[in-house]
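Peer 1: Below is one structure. I have some questions about it.
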Amino acid sequence: MSRQLDNDNPTIFAPAHTSSTSRRTGSGAKALWANEALDGEDDVYLQYGAGDGGDASGSGSGSEEEREDIDAEEVYDLLRSITDPEHPVSLEALRVVNPNDIHVAGNRVLVYLTPTIPHCSMSTLIGLSLRVRLLRALPARYRVDIRIKSGTHQSEHAVNKQLNDKERVQAALENKHLLSVVEGCLATAGKRGEA
Amino acid sequence: MDVPRIVRTQISTSELGPPKELLEGVNGGQVGLLEVIKALGEYLTSPEDDVRLKGLTFLSNLLKVITPSKVNRQATATLTNFYLSKLDDFDSLPPALQGLTILSKLPTFDDSAAVDVYKGIVENVNMKSYVQATRHLVYVLFDSLLATHRSALKEMGTAFVNSYTKMVDGEKDPRNLMLLFSIDRVILLEFDVKDHIEDFFDITFCYFPISFRPPPNDPYGITAEDLKLALRKCMAASPYFAKMALPLFLEKFSTSTGQSMKDLMLSIAACIPVYGAEAVRERGSELWEGIKTEVFYSSDTSIEAAALSAFESLIRTLYPTEKEPATGLAQDIIKECLAILNEPEKSQAMAATKILAAMLRASVSAGIFAFSQVFPQLFKQFNTPPLPSHRAPLLSTISSLLIAAQSVYTPESVRRQSQERSLEPFRGGILDVLREGLRTEGLKGPAIKGSEACVQIAGFWGREEVEDVVRGMNDILINDNDPETRAEAVSALTTISTFHPTVIEAITLPLMFHSLPDTAPPASDFTGRDKYRSILGSLTELCAQPALFQTLVIRVTTKLDLLASSSPAQDADDNMGEKLDGRECTVVYAWDLLNSLVKVIEQKTKAKHIDLSRYFDQLIPRIWTLVISAAGPRTGGDQPLFRDRRLLALVGRIGEQMIYELSSERQSKWLEAVYNAFEKGVWAEVVHAKAQVRLSGSSLRNGASSSEQDLIALYSTAIQGLKNDVRLPFDQLAAFLSSKVHWTIRVARDQWQVKYALDLICAFVNKREAELRDSLEDVLTNIWNVEVQDTSKDLEVRKRALLVYLHIVKALALLRAPLAYTALDRVIEILNLSNLDPDYVGYAASGFGILASGKGKSHLTAKLLHAQKLWNHVLAKLIAGDKEASGKDRLVYLVAFASLLPLVPASLCLSDLSTILPLILRSLSLSDPKQRTNAITTLTSILETASDSKEVDKAIHAKAVDMVQSLLKSALIEADVPSSPKVRIAALAALSLFPDVIRFEALHTQKSTVIKQLGRALDDPLRSVRKEAVECRAKWYRYGNAT
């Protein structure tokens, strides 16, 4: 151990069990069916050729693309498996991010993060990791706000200011060392809650 | 033989390998070895370094290859002495060492010679002045001497050990070290090293910890891990090291990090048992402090695992037997862990749990003592927690300890719970907390895991206790809302069912079947549907067990009967919404029930359960009755439930699987019944209740109703499930085939029926090729000339005819029958007519997709390399056609190519990448998303397997930019280009491979474009596509960043 940790014995929580598969897809009669009934093999060779004719009965292109909007659960999925900078544990397990503290409305995303202890010096770094992840994973039309959950950190305002100041974020990302630490935290982000 | 002349020629031309004739001469006995040496004499003693070296090398090379028995005792002695005299000659040393190594392996080389050679080297060779290769030769010689004359060297005693440690001191080359470490280990184990242990300590521990990083492209392939393992074996070779090694280890605790810390932990784990309890005990608590830090605070799980293995080793060494009282260190550690567990929700509590579990694994006495201390405290905390949130982590701790106990008391292990009785005093307490956990929100997960562990500990729980927890889990299955908790319970019950099948059968199954509704929940009742689906899902997992399958078959068929008899009559007209609801819901429910059967049967087939055929008579006639009776004529336009094609398809699938499991004999019997039913209209033999069948004849007859014709699904799947050697109920195979061909082209009402008919034809031809061989050519020619080529016929007829034609070709191509290829040439030929009949030719081109489906999951017979043969035949013709055509006419060849792609394994593409890659890239611009998906899938498998060959590597790097740009187009939704979620997901997945496979230099110009374009994919309407896009983009962000 090279450095004293801010919080050397944080509380670990069991995963929150919000699996993204629980969402119901489709509408109308489609909603009645089990997912596996819908994604069955479409009969490949009977529809070929007929494709341009337009009388293809099965899953042609066009109408099936019903829009599934990005919701808080999807944003949570993007963030939950980011690794804490101090421990080999996900932000989900430390309850630094919670599904209920993420809000999506129109083109705005608001994420509250909860530091494990009020004097956590890693809060900005965690916030930065969240921001970089969302910067990369959300369409550009979204405006993202990342805030410390009120009352959980002693210098809440300073951290909030830092996290939501475009120039400061940009400057931080030009720092090679800092960026590599952030990349390290993000390396596990793709797991999305799976072990 | 003129030996002097030969020798002279070889030396003067610097050809230092012995010529063949000389070698044969010596081996054959015509030429004496001494004769050769005599001839070499002038060179061997030449004052010129160069000449002398040549002479010596020639001699050593000769020795290397001649038959060992040709070197007699006298020659051995002479040569040994001769070589010994060369040891002080700087240039001659390498050949001399080589010669000596060869001699040392001869039976004629005795102990005293070994000692002489060893002494000679030690006295004359100054290691520091030689290069690595020469030093290596010295060590090889030592190794050989030790292997063949160990006892002689041992008798040298101090003289040997002292000189050896001096000789090898300061070696740095990894290749030499690998050899030295193995020699060191032999000496440490076999020789009396007690008095010289300090010297050995110096020449081994000076390398610890190893921080070696092999150079890039290291031709010797020695890794840091190899060196670490070899050194670790040395360090653990002698107990005498303990005194010096333990302080060294303790000192390294403070300076090591990362990989070296892991090495340190593993080395401790390896050394402590050798060093012995007495030596270790003195430094025990200091070792614990060091190990503890890594378990409690480590940020790397592999280091933590290494630290735990060091800890186990420590405890095992200190408390090796049951008799060893767990006093001293173990007691302190347990006390420490218990204190930490007072805050069970913290991360250190998890570490403490791991320590306690390791203690049980490591030692009987320490383990029992640990359990006796920790369980009472945990129970107390659990029952009266200072904070309610403590209970979940507390139960997790308890479960982790139970899982550790399970891993210790396995049937394979020598340790028995019935002997050690470590859990016995807490039997009641454990059951209490688990029961409590199973019914409390938030505690279910750990309670399930703990119960599952307890059931598996041999000789711990009796039937009553098992029943107790099974009841708790049943409740979770039926009532819990969280799918993951339910899944955990199912998996636990599945485990339990292998140990106590009767408990599951008696308690779980009745309850679950009882919870399945008798009628389908209405459309608005989403929870009801989710609930029965979850129950069915659980049953599917559980009932694959042979002991439980029968219950499933009986219960599910009963439910289906019930649905069939009570299905709501469909009103002909009004109230559309309602009608859709009631009927569709029932179809959905019946589909889910049938699907659960399909899944269990597939699971059982995969696991090669042999009991399936036993249930054939119980299952197939019953579900066939449902669909066959539904197909009969009804009054008043009534549409029975089981006319639904989706259900019919599943019944067919079940039939095929089950028939395939039957013996040929039973298959013949069943086939005869099926044949009589479909061809002659005698249905009694294939159904369970004849009274319900109201069919008046063959369902394939002209004028049969659509619902009767739909039964082709049963006929087709029955034939698909047959074995090749089944006795057929008819002799006229060709006539049978033509009647089916006729039905397909002329009678079948729509594509659904055509599909089943085509599968029937394909399966029949594939299984009976030998008997049909003589008539097939005529059949094919006939179809081609009469139906396909006659443009005056209806387009639909011509299309169906082509489908039949291609299905027969497919059946033959799988068998590599020559007819397949000549028949296929006709199809390839018409591709050049695309300007005359664009619709039909386009249809034919994409028809190659039929051939691409290969064997798949079907029960067709496929010979080895059928894909290769077909591909090679077709590809050349397609390429030729593509070259001759121009403009838009080339497109059909590309379509045919892309349609056929799924057939070929990546390895085949790799062998001819320069031809195929450009075609694939062009295929990426086709408009049909399906064909593009094929091209992308092939591209993906090429990229995934590309690593080994240089040429492939070069080809894919040269095309990397093109590939990325084409893939990007398929990954996005563009206006006017048809797209599908499938093609977008495939394209994104392929794009995310590039950062792993292609070197950054080749694509650095693309990085910013790709990231920008992928930004648009992030806004895809579909969640599954967005997910792929996010991970793909994340990978491209990391691409090229130094790690």
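Just so we're on the same page: first chain in the structure tokens is A, next is B, and so on; residues restart at 1 for each chain, and ligands are numbered from 1 in the order they show up.
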Residues within 12 Å of Lys64 of chain B, please, as a PDB file with C-alpha atoms, in the first residue's frame. Count only C-alpha atoms; anything in the same chain fewer than 6 positions from it doesn't count.
Peer 2:
ATOM      1  CA  GLY B  17      29.851 -31.509 -39.897  1.00  0.00           C
ATOM      2  CA  PRO B  18      31.059 -35.077 -40.437  1.00  0.00           C
ATOM      3  CA  LEU B  23      29.784 -41.450 -40.196  1.00  0.00           C
ATOM      4  CA  THR B  57      34.649 -28.631 -33.528  1.00  0.00           C
ATOM      5  CA  PHE B  58      34.862 -31.336 -36.154  1.00  0.00           C
ATOM      6  CA  LYS B  70      31.450 -47.126 -30.871  1.00  0.00           C
ATOM      7  CA  VAL B  71      33.248 -45.153 -28.221  1.00  0.00           C
ATOM      8  CA  PRO B  95      33.755 -27.456 -28.593  1.00  0.00           C
ATOM      9  CA  LEU B  97      32.550 -28.565 -23.432  1.00  0.00           C
ATOM     10  CA  GLN B  98      30.283 -29.997 -26.064  1.00  0.00           C
ATOM     11  CA  GLY B  99      32.543 -32.995 -26.431  1.00  0.00           C
ATOM     12  CA  LEU B 100      32.674 -33.551 -22.706  1.00  0.00           C
ATOM     13  CA  THR B 101      28.913 -33.316 -22.406  1.00  0.00           C
ATOM     14  CA  ILE B 102      28.518 -36.059 -24.972  1.00  0.00           C
ATOM     15  CA  LEU B 103      31.150 -38.197 -23.285  1.00  0.00           C
ATOM     16  CA  SER B 104      29.586 -37.710 -19.864  1.00  0.00           C
ATOM     17  CA  LYS B 105      26.449 -39.425 -21.038  1.00  0.00           C
ATOM     18  CA  LEU B 106      28.286 -42.568 -22.213  1.00  0.00           C
TER      19      LEU B 106
END
Peer 1: Would you list which chain A residues are within 6 Å of chain B using only C-alpha atoms, as a list in words?
Peer 2: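 Result, ordered by chain then number: Asn9, Pro10, Thr11, Ile12, Gly49, Ser61, Arg67, Glu68, His87, Pro88, Ala137 and Pro139 of chain A.
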Peer 1: Which neighbours of segment 27-38 of chain B fall inside 8 Å, counting only C-alpha atoms, when residues of the same chain fewer than 5 positions from it are skipped, and could you give them as a count of residues only?
Peer 2: 11
Peer 1: Quick one: residues within 8 Å of Asn934 of chain B, only C-alpha atoms, excluding same-chain residues fewer than 2 positions away - as a ChimeraX atom specification?
Peer 2: /B:898-899,901-902,930-932,936-938
Peer 1: Which residues in segment 91-174 of chain A does DSSP call strand (DSSP E)? List them as a PyMOL selection string.
Peer 2: chain A and resi 102-105+108-113+143-148
